[in-house]
>>> print(open('start-v8.pdb').read())   # PDB, C-alpha atoms and all ligand atoms
MODEL        1
ATOM      1  CA  ARG A   1      -3.086 -37.662 -98.467
ATOM      2  CA  LEU A   2       0.460 -38.640 -97.506
ATOM      3  CA  THR A   3       1.116 -42.038 -95.960
ATOM      4  CA  GLY A   4       3.992 -44.259 -94.866
ATOM      5  CA  THR A   5       7.499 -43.192 -95.786
ATOM      6  CA  ASP A   6       6.239 -40.119 -97.714
ATOM      7  CA  LEU A   7       4.590 -38.817 -94.569
ATOM      8  CA  LEU A   8       7.723 -39.441 -92.482
ATOM      9  CA  ALA A   9       9.921 -37.753 -95.113
ATOM     10  CA  GLU A  10       7.619 -34.711 -95.265
ATOM     11  CA  ILE A  11       7.646 -34.373 -91.477
ATOM     12  CA  GLN A  12      11.457 -34.470 -91.511
ATOM     13  CA  ARG A  13      11.617 -31.929 -94.343
ATOM     14  CA  LEU A  14       9.215 -29.535 -92.573
ATOM     15  CA  LYS A  15      11.094 -30.008 -89.311
ATOM     16  CA  ARG A  16      14.310 -28.805 -90.967
ATOM     17  CA  GLU A  17      12.572 -25.980 -92.816
ATOM     18  CA  ARG A  18      10.921 -24.701 -89.630
ATOM     19  CA  ASN A  19      13.965 -25.331 -87.413
ATOM     20  CA  ALA A  20      11.640 -27.352 -85.202
ATOM     21  CA  VAL A  21      12.301 -29.838 -82.424
ATOM     22  CA  ILE A  22       9.850 -32.688 -81.829
ATOM     23  CA  LEU A  23       9.315 -33.517 -78.153
ATOM     24  CA  ALA A  24       7.212 -36.550 -77.217
ATOM     25  CA  HIS A  25       5.888 -38.086 -74.024
ATOM     26  CA  TYR A  26       6.251 -41.833 -73.347
ATOM     27  CA  TYR A  27       2.467 -42.266 -73.726
ATOM     28  CA  GLN A  28       2.532 -41.334 -77.410
ATOM     29  CA  LYS A  29       2.062 -43.878 -80.193
ATOM     30  CA  PRO A  30       5.280 -45.791 -81.087
ATOM     31  CA  GLU A  31       5.544 -44.130 -84.514
ATOM     32  CA  ILE A  32       5.553 -40.687 -82.869
ATOM     33  CA  GLN A  33       8.082 -41.751 -80.204
ATOM     34  CA  ASP A  34      10.355 -43.126 -82.940
ATOM     35  CA  LEU A  35      10.262 -39.878 -84.890
ATOM     36  CA  ALA A  36      10.782 -37.540 -81.935
ATOM     37  CA  ASP A  37      14.074 -35.810 -81.175
ATOM     38  CA  PHE A  38      13.479 -36.475 -77.506
ATOM     39  CA  VAL A  39      11.094 -38.733 -75.558
ATOM     40  CA  GLY A  40      10.718 -38.149 -71.839
ATOM     41  CA  ASP A  41       8.677 -37.653 -68.691
ATOM     42  CA  SER A  42       7.074 -34.331 -67.772
ATOM     43  CA  LEU A  43      10.147 -32.989 -65.958
ATOM     44  CA  ASP A  44      12.664 -33.852 -68.665
ATOM     45  CA  LEU A  45      10.316 -32.539 -71.372
ATOM     46  CA  SER A  46      10.043 -29.234 -69.459
ATOM     47  CA  ARG A  47      13.825 -29.039 -69.186
ATOM     48  CA  LYS A  48      14.216 -29.686 -72.917
ATOM     49  CA  ALA A  49      11.580 -27.079 -73.779
ATOM     50  CA  ALA A  50      13.333 -24.505 -71.586
ATOM     51  CA  ALA A  51      16.750 -25.206 -73.130
ATOM     52  CA  THR A  52      16.065 -25.718 -76.839
ATOM     53  CA  ASP A  53      17.370 -23.283 -79.447
ATOM     54  CA  ALA A  54      14.836 -24.424 -82.050
ATOM     55  CA  ASP A  55      12.343 -21.831 -83.339
ATOM     56  CA  VAL A  56       9.412 -24.214 -83.150
ATOM     57  CA  ILE A  57       8.559 -26.828 -80.523
ATOM     58  CA  ALA A  58       6.243 -29.523 -81.894
ATOM     59  CA  PHE A  59       4.900 -31.018 -78.701
ATOM     60  CA  CYS A  60       3.538 -34.545 -78.959
ATOM     61  CA  GLY A  61       1.854 -34.901 -75.607
ATOM     62  CA  VAL A  62      -1.121 -33.251 -73.962
ATOM     63  CA  ARG A  63      -2.048 -29.574 -73.823
ATOM     64  CA  PHE A  64      -0.758 -28.794 -70.320
ATOM     65  CA  MET A  65       2.674 -30.066 -71.410
ATOM     66  CA  ALA A  66       2.700 -27.893 -74.537
ATOM     67  CA  GLU A  67       1.523 -24.925 -72.444
ATOM     68  CA  THR A  68       4.403 -25.550 -70.037
ATOM     69  CA  ALA A  69       6.805 -25.483 -73.001
ATOM     70  CA  LYS A  70       5.319 -22.153 -74.127
ATOM     71  CA  ILE A  71       5.500 -20.644 -70.631
ATOM     72  CA  LEU A  72       9.158 -21.680 -70.269
ATOM     73  CA  SER A  73      10.060 -20.611 -73.818
ATOM     74  CA  PRO A  74       7.618 -17.780 -74.593
ATOM     75  CA  GLU A  75       9.506 -16.574 -77.660
ATOM     76  CA  LYS A  76       9.120 -19.950 -79.404
ATOM     77  CA  THR A  77       6.217 -21.128 -81.500
ATOM     78  CA  VAL A  78       4.723 -24.160 -79.751
ATOM     79  CA  ILE A  79       2.423 -26.427 -81.740
ATOM     80  CA  LEU A  80       0.312 -29.338 -80.507
ATOM     81  CA  PRO A  81      -1.004 -31.772 -83.150
ATOM     82  CA  ASP A  82      -4.468 -31.864 -81.562
ATOM     83  CA  MET A  83      -5.665 -29.036 -79.305
ATOM     84  CA  ASP A  84      -8.282 -31.374 -77.772
ATOM     85  CA  ALA A  85      -5.508 -33.406 -76.133
ATOM     86  CA  GLY A  86      -6.474 -32.438 -72.591
ATOM     87  CA  CYS A  87      -6.157 -34.265 -69.264
ATOM     88  CA  SER A  88      -8.739 -35.404 -66.715
ATOM     89  CA  LEU A  89      -6.615 -33.943 -63.912
ATOM     90  CA  GLU A  90      -6.692 -30.527 -65.563
ATOM     91  CA  ASP A  91     -10.478 -30.841 -66.026
ATOM     92  CA  SER A  92     -10.914 -31.715 -62.347
ATOM     93  CA  CYS A  93      -9.458 -28.399 -61.228
ATOM     94  CA  PRO A  94     -11.230 -25.302 -62.613
ATOM     95  CA  PRO A  95      -9.162 -22.166 -61.838
ATOM     96  CA  ASP A  96     -12.032 -20.290 -60.105
ATOM     97  CA  GLN A  97     -12.647 -23.205 -57.713
ATOM     98  CA  PHE A  98      -8.925 -23.571 -57.086
ATOM     99  CA  ALA A  99      -8.676 -19.840 -56.332
ATOM    100  CA  ALA A 100     -11.541 -20.197 -53.816
ATOM    101  CA  PHE A 101      -9.825 -23.220 -52.214
ATOM    102  CA  ARG A 102      -6.630 -21.199 -51.830
ATOM    103  CA  ALA A 103      -8.509 -18.220 -50.431
ATOM    104  CA  ALA A 104     -10.133 -20.496 -47.826
ATOM    105  CA  HIS A 105      -6.670 -21.605 -46.642
ATOM    106  CA  PRO A 106      -4.535 -18.450 -46.632
ATOM    107  CA  ASP A 107      -1.832 -19.972 -44.389
ATOM    108  CA  HIS A 108      -1.122 -22.802 -46.879
ATOM    109  CA  ILE A 109       1.207 -22.720 -49.875
ATOM    110  CA  ALA A 110       0.033 -24.399 -53.075
ATOM    111  CA  LEU A 111       2.259 -27.210 -54.284
ATOM    112  CA  THR A 112       0.701 -28.119 -57.614
ATOM    113  CA  TYR A 113       1.132 -31.071 -59.941
ATOM    114  CA  ILE A 114       2.142 -29.993 -63.450
ATOM    115  CA  ASN A 115      -0.994 -31.756 -64.809
ATOM    116  CA  CYS A 116      -3.152 -28.624 -64.586
ATOM    117  CA  SER A 117      -4.057 -25.569 -66.651
ATOM    118  CA  ALA A 118      -1.787 -22.543 -67.038
ATOM    119  CA  ALA A 119      -4.341 -20.552 -65.013
ATOM    120  CA  VAL A 120      -4.008 -22.980 -62.081
ATOM    121  CA  LYS A 121      -0.214 -22.815 -62.364
ATOM    122  CA  ALA A 122      -0.520 -19.034 -62.158
ATOM    123  CA  LEU A 123      -2.334 -19.492 -58.820
ATOM    124  CA  SER A 124       0.368 -21.827 -57.432
ATOM    125  CA  ASP A 125       3.594 -21.394 -55.462
ATOM    126  CA  ILE A 126       5.612 -24.363 -56.717
ATOM    127  CA  ILE A 127       4.918 -26.827 -59.529
ATOM    128  CA  VAL A 128       6.017 -30.450 -59.202
ATOM    129  CA  THR A 129       6.106 -33.484 -61.471
ATOM    130  CA  SER A 130       5.924 -37.062 -60.267
ATOM    131  CA  SER A 131       9.723 -37.338 -60.547
ATOM    132  CA  SER A 132      10.453 -34.116 -58.660
ATOM    133  CA  ALA A 133       7.620 -33.984 -56.077
ATOM    134  CA  GLN A 134       9.417 -35.655 -53.206
ATOM    135  CA  ILE A 135      12.739 -33.862 -53.755
ATOM    136  CA  ILE A 136      10.835 -30.560 -53.709
ATOM    137  CA  LEU A 137       8.616 -31.472 -50.757
ATOM    138  CA  ASP A 138      11.713 -32.337 -48.708
ATOM    139  CA  GLN A 139      12.965 -28.751 -49.182
ATOM    140  CA  ILE A 140       9.824 -27.179 -47.699
ATOM    141  CA  PRO A 141      10.066 -26.457 -43.937
ATOM    142  CA  PRO A 142       8.159 -29.126 -41.969
ATOM    143  CA  LYS A 143       5.889 -26.578 -40.282
ATOM    144  CA  GLN A 144       4.732 -25.032 -43.568
ATOM    145  CA  LYS A 145       1.122 -25.983 -44.350
ATOM    146  CA  ILE A 146       0.535 -27.231 -47.870
ATOM    147  CA  ILE A 147      -2.326 -27.555 -50.342
ATOM    148  CA  PHE A 148      -1.611 -30.260 -52.925
ATOM    149  CA  GLY A 149      -3.587 -30.556 -56.155
ATOM    150  CA  PRO A 150      -5.016 -31.667 -58.434
ATOM    151  CA  ASP A 151      -4.070 -35.387 -58.135
ATOM    152  CA  ARG A 152      -5.259 -36.807 -54.837
ATOM    153  CA  HIS A 153      -3.482 -40.127 -55.441
ATOM    154  CA  LEU A 154      -0.071 -38.553 -56.018
ATOM    155  CA  GLY A 155      -0.749 -36.265 -53.039
ATOM    156  CA  GLY A 156      -1.852 -39.203 -50.870
ATOM    157  CA  TYR A 157       1.172 -41.252 -51.899
ATOM    158  CA  LEU A 158       3.531 -38.379 -51.003
ATOM    159  CA  ALA A 159       1.759 -37.831 -47.697
ATOM    160  CA  ARG A 160       2.086 -41.519 -46.778
ATOM    161  CA  LYS A 161       5.722 -41.633 -47.876
ATOM    162  CA  THR A 162       6.925 -38.452 -46.181
ATOM    163  CA  GLY A 163       4.498 -38.286 -43.246
ATOM    164  CA  ARG A 164       3.452 -34.762 -44.320
ATOM    165  CA  ASP A 165      -0.133 -33.866 -43.797
ATOM    166  CA  MET A 166      -1.314 -32.004 -46.909
ATOM    167  CA  LEU A 167      -4.742 -30.722 -47.898
ATOM    168  CA  LEU A 168      -5.586 -32.633 -51.067
ATOM    169  CA  TRP A 169      -7.592 -31.490 -54.075
ATOM    170  CA  PRO A 170      -9.888 -34.384 -55.104
ATOM    171  CA  GLY A 171      -8.726 -34.875 -58.742
ATOM    172  CA  ILE A 172      -7.837 -38.161 -60.417
ATOM    173  CA  CYS A 173      -6.329 -39.413 -63.670
ATOM    174  CA  ILE A 174      -9.027 -41.498 -65.393
ATOM    175  CA  VAL A 175      -6.363 -43.804 -66.839
ATOM    176  CA  HIS A 176      -4.524 -44.712 -63.633
ATOM    177  CA  GLN A 177      -7.768 -44.778 -61.645
ATOM    178  CA  ALA A 178      -8.997 -47.567 -63.942
ATOM    179  CA  PHE A 179      -6.275 -50.114 -63.128
ATOM    180  CA  SER A 180      -7.872 -53.213 -61.714
ATOM    181  CA  GLU A 181      -6.585 -54.744 -58.483
ATOM    182  CA  THR A 182      -8.209 -58.063 -59.433
ATOM    183  CA  GLU A 183      -6.448 -58.133 -62.806
ATOM    184  CA  LEU A 184      -3.162 -57.141 -61.180
ATOM    185  CA  LEU A 185      -3.451 -59.956 -58.637
ATOM    186  CA  LYS A 186      -4.275 -62.414 -61.441
ATOM    187  CA  LEU A 187      -1.160 -61.292 -63.342
ATOM    188  CA  LYS A 188       0.984 -61.613 -60.219
ATOM    189  CA  ALA A 189      -0.298 -65.166 -59.720
ATOM    190  CA  GLU A 190       0.441 -66.019 -63.372
ATOM    191  CA  HIS A 191       3.951 -64.520 -63.164
ATOM    192  CA  PRO A 192       5.261 -65.332 -59.697
ATOM    193  CA  GLY A 193       8.160 -63.098 -58.719
ATOM    194  CA  ALA A 194       7.580 -60.547 -61.502
ATOM    195  CA  PRO A 195       7.984 -57.081 -59.946
ATOM    196  CA  VAL A 196       5.280 -54.440 -60.380
ATOM    197  CA  ALA A 197       6.248 -50.872 -61.377
ATOM    198  CA  ALA A 198       3.468 -48.323 -60.868
ATOM    199  CA  HIS A 199       2.908 -44.617 -61.429
ATOM    200  CA  PRO A 200       1.954 -42.622 -58.295
ATOM    201  CA  GLU A 201      -1.246 -41.491 -60.069
ATOM    202  CA  CYS A 202      -2.514 -45.033 -59.328
ATOM    203  CA  PRO A 203      -4.897 -45.478 -56.378
ATOM    204  CA  PRO A 204      -3.555 -47.021 -53.131
ATOM    205  CA  HIS A 205      -4.962 -50.498 -53.912
ATOM    206  CA  ILE A 206      -2.527 -50.694 -56.860
ATOM    207  CA  ILE A 207       0.402 -48.959 -55.106
ATOM    208  CA  GLU A 208       0.273 -51.395 -52.192
ATOM    209  CA  HIS A 209       1.050 -54.310 -54.546
ATOM    210  CA  SER A 210       3.905 -52.458 -56.262
ATOM    211  CA  ASP A 211       7.654 -52.926 -55.930
ATOM    212  CA  HIS A 212       8.540 -49.612 -57.533
ATOM    213  CA  VAL A 213       6.572 -46.351 -57.654
ATOM    214  CA  GLY A 214       7.713 -43.414 -59.751
ATOM    215  CA  SER A 215       7.416 -41.252 -62.848
ATOM    216  CA  THR A 216       7.334 -42.726 -66.332
ATOM    217  CA  LYS A 217      11.097 -42.214 -66.646
ATOM    218  CA  SER A 218      11.783 -43.939 -63.346
ATOM    219  CA  ILE A 219       9.444 -46.826 -64.288
ATOM    220  CA  LEU A 220      11.421 -47.206 -67.510
ATOM    221  CA  ASP A 221      14.753 -47.172 -65.632
ATOM    222  CA  PHE A 222      13.438 -49.681 -63.084
ATOM    223  CA  ALA A 223      12.172 -52.021 -65.804
ATOM    224  CA  LEU A 224      15.485 -51.923 -67.657
ATOM    225  CA  ASN A 225      17.705 -52.287 -64.583
ATOM    226  CA  SER A 226      15.679 -54.956 -62.803
ATOM    227  CA  PRO A 227      17.265 -58.415 -62.946
ATOM    228  CA  ALA A 228      13.746 -59.846 -63.418
ATOM    229  CA  GLN A 229      12.883 -61.286 -66.832
ATOM    230  CA  THR A 230       9.207 -60.232 -66.631
ATOM    231  CA  ILE A 231       7.966 -56.855 -65.358
ATOM    232  CA  LEU A 232       4.347 -55.857 -64.711
ATOM    233  CA  VAL A 233       3.758 -52.244 -65.717
ATOM    234  CA  ALA A 234       1.016 -50.200 -64.037
ATOM    235  CA  THR A 235       1.064 -47.057 -66.124
ATOM    236  CA  GLU A 236      -0.077 -46.120 -69.630
ATOM    237  CA  PRO A 237       1.180 -49.033 -71.741
ATOM    238  CA  HIS A 238       2.658 -47.035 -74.634
ATOM    239  CA  ILE A 239       5.785 -46.676 -72.483
ATOM    240  CA  ILE A 240       6.376 -50.391 -73.074
ATOM    241  CA  HIS A 241       7.554 -49.439 -76.574
ATOM    242  CA  GLN A 242      10.729 -47.918 -75.080
ATOM    243  CA  MET A 243      11.192 -50.922 -72.782
ATOM    244  CA  GLU A 244      10.939 -53.400 -75.653
ATOM    245  CA  LYS A 245      13.332 -51.363 -77.767
ATOM    246  CA  ALA A 246      15.956 -51.213 -75.028
ATOM    247  CA  ALA A 247      15.509 -54.777 -73.697
ATOM    248  CA  PRO A 248      14.021 -56.954 -76.455
ATOM    249  CA  ASN A 249      14.684 -60.167 -74.535
ATOM    250  CA  LYS A 250      12.617 -59.193 -71.492
ATOM    251  CA  THR A 251       8.829 -59.417 -71.162
ATOM    252  CA  PHE A 252       6.852 -56.317 -70.163
ATOM    253  CA  ILE A 253       3.180 -56.750 -69.386
ATOM    254  CA  GLY A 254       0.795 -53.801 -69.100
ATOM    255  CA  VAL A 255      -1.663 -54.146 -66.204
ATOM    256  CA  PRO A 256      -5.193 -54.033 -67.666
ATOM    257  CA  GLY A 257      -7.826 -51.536 -66.638
ATOM    258  CA  GLY A 258     -11.485 -52.130 -65.803
ATOM    259  CA  ASP A 259     -12.536 -55.773 -66.183
ATOM    260  CA  GLY A 260      -9.528 -56.463 -68.391
ATOM    261  CA  ASN A 261     -11.557 -56.235 -71.609
ATOM    262  CA  CYS A 262     -11.395 -52.502 -72.234
ATOM    263  CA  ASN A 263      -8.676 -50.192 -73.476
ATOM    264  CA  CYS A 264      -9.154 -47.989 -70.455
ATOM    265  CA  ASN A 265      -5.508 -48.233 -69.377
ATOM    266  CA  MET A 266      -4.717 -46.122 -72.463
ATOM    267  CA  CYS A 267      -4.886 -42.338 -72.316
ATOM    268  CA  PRO A 268      -7.614 -41.147 -74.725
ATOM    269  CA  TYR A 269      -6.127 -37.635 -74.791
ATOM    270  CA  MET A 270      -2.600 -38.740 -75.704
ATOM    271  CA  ALA A 271      -4.121 -40.938 -78.434
ATOM    272  CA  LEU A 272      -5.518 -37.910 -80.274
ATOM    273  CA  ASN A 273      -2.080 -37.041 -81.661
ATOM    274  CA  THR A 274      -1.226 -38.770 -84.938
ATOM    275  CA  LEU A 275       1.579 -38.492 -87.499
ATOM    276  CA  GLU A 276      -0.893 -36.909 -89.972
ATOM    277  CA  LYS A 277      -1.858 -34.224 -87.450
ATOM    278  CA  LEU A 278       1.814 -33.624 -86.617
ATOM    279  CA  TYR A 279       2.531 -33.128 -90.319
ATOM    280  CA  VAL A 280      -0.338 -30.618 -90.698
ATOM    281  CA  ALA A 281       0.769 -28.776 -87.541
ATOM    282  CA  LEU A 282       4.342 -28.426 -88.866
ATOM    283  CA  ARG A 283       3.032 -27.329 -92.270
ATOM    284  CA  ASP A 284       0.547 -24.729 -90.957
ATOM    285  CA  LEU A 285       2.151 -23.900 -87.586
ATOM    286  CA  GLU A 286      -1.314 -24.554 -86.171
ATOM    287  CA  PRO A 287      -2.813 -25.520 -83.748
ATOM    288  CA  ARG A 288      -0.540 -23.196 -81.800
ATOM    289  CA  ILE A 289      -0.396 -22.546 -78.052
ATOM    290  CA  GLU A 290      -1.365 -18.942 -77.242
ATOM    291  CA  LEU A 291      -1.782 -17.809 -73.635
ATOM    292  CA  PRO A 292      -2.496 -14.419 -72.067
ATOM    293  CA  GLY A 293       0.771 -12.633 -71.184
ATOM    294  CA  GLU A 294      -0.246 -12.121 -67.564
ATOM    295  CA  VAL A 295      -1.056 -15.813 -67.039
ATOM    296  CA  MET A 296       2.269 -16.798 -68.628
ATOM    297  CA  ALA A 297       4.249 -14.403 -66.458
ATOM    298  CA  LYS A 298       2.557 -15.637 -63.264
ATOM    299  CA  ALA A 299       2.765 -19.325 -64.199
ATOM    300  CA  ARG A 300       6.482 -19.049 -65.053
ATOM    301  CA  VAL A 301       7.404 -18.278 -61.430
ATOM    302  CA  PRO A 302       6.304 -21.627 -59.867
ATOM    303  CA  LEU A 303       7.575 -23.532 -62.922
ATOM    304  CA  GLU A 304      11.032 -21.975 -62.642
ATOM    305  CA  ARG A 305      10.987 -22.753 -58.931
ATOM    306  CA  MET A 306      10.357 -26.376 -59.857
ATOM    307  CA  LEU A 307      13.316 -26.470 -62.260
ATOM    308  CA  GLU A 308      15.550 -24.871 -59.640
ATOM    309  CA  MET A 309      14.446 -27.098 -56.742
ATOM    310  CA  ALA A 310      14.422 -30.313 -58.801
ATOM    311  CA  GLY A 311      18.150 -29.714 -59.489
TER     312      GLY A 311
HETATM  313  P1  LIG H 401       5.307 -38.321 -65.927
HETATM  314  O1  LIG H 401       5.769 -38.648 -67.313
HETATM  315  O2  LIG H 401       5.932 -37.043 -65.451
HETATM  316  O3  LIG H 401       5.519 -39.447 -64.993
HETATM  317  O4  LIG H 401       3.731 -38.023 -66.012
HETATM  318  C1  LIG H 401       2.792 -38.996 -66.283
HETATM  319  C2  LIG H 401       1.533 -38.474 -66.829
HETATM  320  O5  LIG H 401       0.463 -38.807 -66.460
HETATM  321  C3  LIG H 401       1.595 -37.564 -67.896
HETATM  322  O6  LIG H 401       0.337 -37.236 -68.255
HETATM  323 FE1  LIG H 402      -3.879 -36.842 -67.891
HETATM  324 FE2  LIG H 402      -3.927 -39.351 -67.040
HETATM  325 FE3  LIG H 402      -3.764 -38.885 -69.633
HETATM  326 FE4  LIG H 402      -1.666 -38.343 -68.046
HETATM  327  S1  LIG H 402      -2.540 -40.341 -68.469
HETATM  328  S2  LIG H 402      -2.515 -37.023 -69.633
HETATM  329  S3  LIG H 402      -2.703 -37.696 -66.166
HETATM  330  S4  LIG H 402      -5.482 -38.345 -68.292
ENDMDL
END
>>> encode(input="start-v8.pdb", output="structure tokens")
Amino acid sequence: RLTGTDLLAEIQRLKRERNAVILAHYYQKPEIQDLADFVGDSLDLSRKAAATDADVIAFCGVRFMAETAKILSPEKTVILPDMDAGCSLEDSCPPDQFAAFRAAHPDHIALTYINCSAAVKALSDIIVTSSSAQIILDQIPPKQKIIFGPDRHLGGYLARKTGRDMLLWPGICIVHQAFSETELLKLKAEHPGAPVAAHPECPPHIIEHSDHVGSTKSILDFALNSPAQTILVATEPHIIHQMEKAAPNKTFIGVPGGDGNCNCNMCPYMALNTLEKLYVALRDLEPRIELPGEVMAKARVPLERMLEMAG
């Protein structure tokens, strides 16, 4: 069993041998973020996956992200260190039920959050991420009726912000749902004046206390550019690694979930990926994303629309 610097050296050696690129989401463990060629939010990771000339994409994130990479770069081998790295939003939206929902509302287009299965993407008109949703929504004619799924909090936030009335699928992210308003208010009282940056997957009782709402990338930018010395962060706390690296003299505090004594503000799916599993995946080129050709072809259309409309 390889450990420490041997493990890191082997990953680097295999990466060169395979002509692989390592893409990681901000919610990954610090040691994975530090090793990655690129760390980003869902939109930037999609852009990187679409543009890379590597033969292999080692995706350190969750399955829907690796599937997106495969759909946008079908000729590449896409590996995911742990195939069980799912997402509660994806689980909340089974494709057959989504198809029935669409069929019940034939005059609506489906604007769908990227946190869903490839099969649900294939049933959608335009995919959005948290960083591109509003830019894309603003390009859709005001009279056009819209179904938004699967995250009802992101959908609700967009509806409140833009005044657009959308039919919302009732999905939630178990991580952002768990943030505690009581704990947030306690933190605000302990750190008067510290701004709160929140992800739009948070429920309204967290958003209403927030000074900035946006994707992981925009939370990171806000935290780094804010003149405040202390920032309260209402998203998965592994992103704080990038904040501390870029601004070691500032204080970043993750808002706790539940009663403050659990780890429920951490994503259990993202946590499944480890350096050991990444090493094995690069060595064996498994677990590998494989999707039916028809699903990939259909899902590519709304994903490419997203990339086009997001600019
Ligand atoms: P973004 O990085 O696009 O903000 O997405 C957050 C998220 O929940 C990923 O699972
Ligand atoms: Fe899914 Fe939430 Fe985890 Fe993101 S943080 S992968 S939305 S469960």
>>> closest_atom_pairs(input="start-v8.pdb", of="chain A", to="ligand LIG 401 (chain H)", cutoff="7 Å", atoms="all atoms listed in the file", output="Markdown table")
| residue | atom | partner | partner_atom | distance |
| --- | --- | --- | --- | --- |
| A:His25 | CA | H:LIG401 | O1 | 6.7 |
| A:Tyr26 | CA | H:LIG401 | O1 | 6.8 |
| A:Gly40 | CA | H:LIG401 | O1 | 6.7 |
| A:Asp41 | CA | H:LIG401 | O1 | 3.4 |
| A:Ser42 | CA | H:LIG401 | O2 | 3.7 |
| A:Leu43 | CA | H:LIG401 | O2 | 5.9 |
| A:Asn115 | CA | H:LIG401 | O6 | 6.6 |
| A:Thr129 | CA | H:LIG401 | O2 | 5.3 |
| A:Ser130 | CA | H:LIG401 | O2 | 5.2 |
| A:Ser131 | CA | H:LIG401 | O2 | 6.2 |
| A:His199 | CA | H:LIG401 | O3 | 6.8 |
| A:Gly214 | CA | H:LIG401 | O3 | 6.9 |
| A:Ser215 | CA | H:LIG401 | O3 | 3.4 |
| A:Thr216 | CA | H:LIG401 | O3 | 4.0 |
| A:Lys217 | CA | H:LIG401 | O3 | 6.4 |
>>> closest_residue(input="start-v8.pdb", among="A:Lys76, A:Arg300, A:Lys48, A:Lys29", to="Ala118 (chain A)", atoms="all atoms listed in the file")
A:Arg300
>>> axis_aligned_box(input="start-v8.pdb", around="ligand LIG 402 (chain H)", padding_each_side="3 Å", output="lines of an AutoDock Vina configuration file")
center_x = -3.6
center_y = -38.6
center_z = -67.9
size_x = 9.8
size_y = 9.5
size_z = 9.5
>>> resolve_selection(input="start-v8.pdb", expression="the PyMOL selection byres (((chain A and resi 233) around 6) and not hetatm)", output="CSV table (one decimal) with C-alpha atoms, keeping the file's coordinate frame")
chain,number,residue,atom,x,y,z
A,196,VAL,CA,5.3,-54.4,-60.4
A,197,ALA,CA,6.2,-50.9,-61.4
A,232,LEU,CA,4.3,-55.9,-64.7
A,234,ALA,CA,1.0,-50.2,-64.0
A,235,THR,CA,1.1,-47.1,-66.1
A,253,ILE,CA,3.2,-56.8,-69.4
A,254,GLY,CA,0.8,-53.8,-69.1
A,255,VAL,CA,-1.7,-54.1,-66.2
>>> resolve_selection(input="start-v8.pdb", expression="the PyMOL selection byres (((chain A and resi 78) around 9) and not hetatm)", output="ChimeraX atom specification")
/A:55-59,66-67,69-70,73-74,76-77,79-80,285-290
>>> atom_distance(input="start-v8.pdb", atom1="CA of Met306 (chain A)", atom2="CA of Val128 (chain A)")
6.0 Å
>>> residues_around(input="start-v8.pdb", residues="region 155-166 of chain A", least_positions_apart="2", cutoff="9 Å", atoms="all atoms listed in the file", output="count of residues only")
22
>>> resolve_selection(input="start-v8.pdb", expression="the PyMOL selection byres (((chain A and resi 99-102) around 12) and not hetatm)", output="MDAnalysis selection string")
chainID A and resid 93:98 103:112 119:125 145:150 167:170
>>> closest_residue(input="start-v8.pdb", among="A:Asn261, A:Thr5, A:Gln12, A:Ser88", to="ligand LIG 402 (chain H)", atoms="all atoms listed in the file")
A:Ser88
>>> closest_atom_pairs(input="start-v8.pdb", of="chain A", to="ligand LIG 402 (chain H)", cutoff="7 Å", atoms="only C-alpha atoms and all ligand atoms", output="CSV")
residue,atom,partner,partner_atom,distance
A:Val62,CA,H:LIG402,S2,5.9
A:Gly86,CA,H:LIG402,S2,6.7
A:Cys87,CA,H:LIG402,FE1,3.7
A:Ser88,CA,H:LIG402,S4,4.7
A:Leu89,CA,H:LIG402,FE1,5.6
A:Asn115,CA,H:LIG402,S3,6.3
A:Cys173,CA,H:LIG402,FE2,4.1
A:Ile174,CA,H:LIG402,S4,5.6
A:Val175,CA,H:LIG402,FE2,5.1
A:His176,CA,H:LIG402,FE2,6.4
A:Glu236,CA,H:LIG402,S1,6.4
A:Cys267,CA,H:LIG402,FE3,4.5
A:Pro268,CA,H:LIG402,FE3,6.8
A:Tyr269,CA,H:LIG402,FE3,5.8
A:Met270,CA,H:LIG402,FE3,6.2
>>> closest_residue(input="start-v8.pdb", among="A:Ser46, A:Ser218, A:Ile127, A:Ala20", to="Met309 (chain A)", atoms="only C-alpha atoms")
A:Ile127
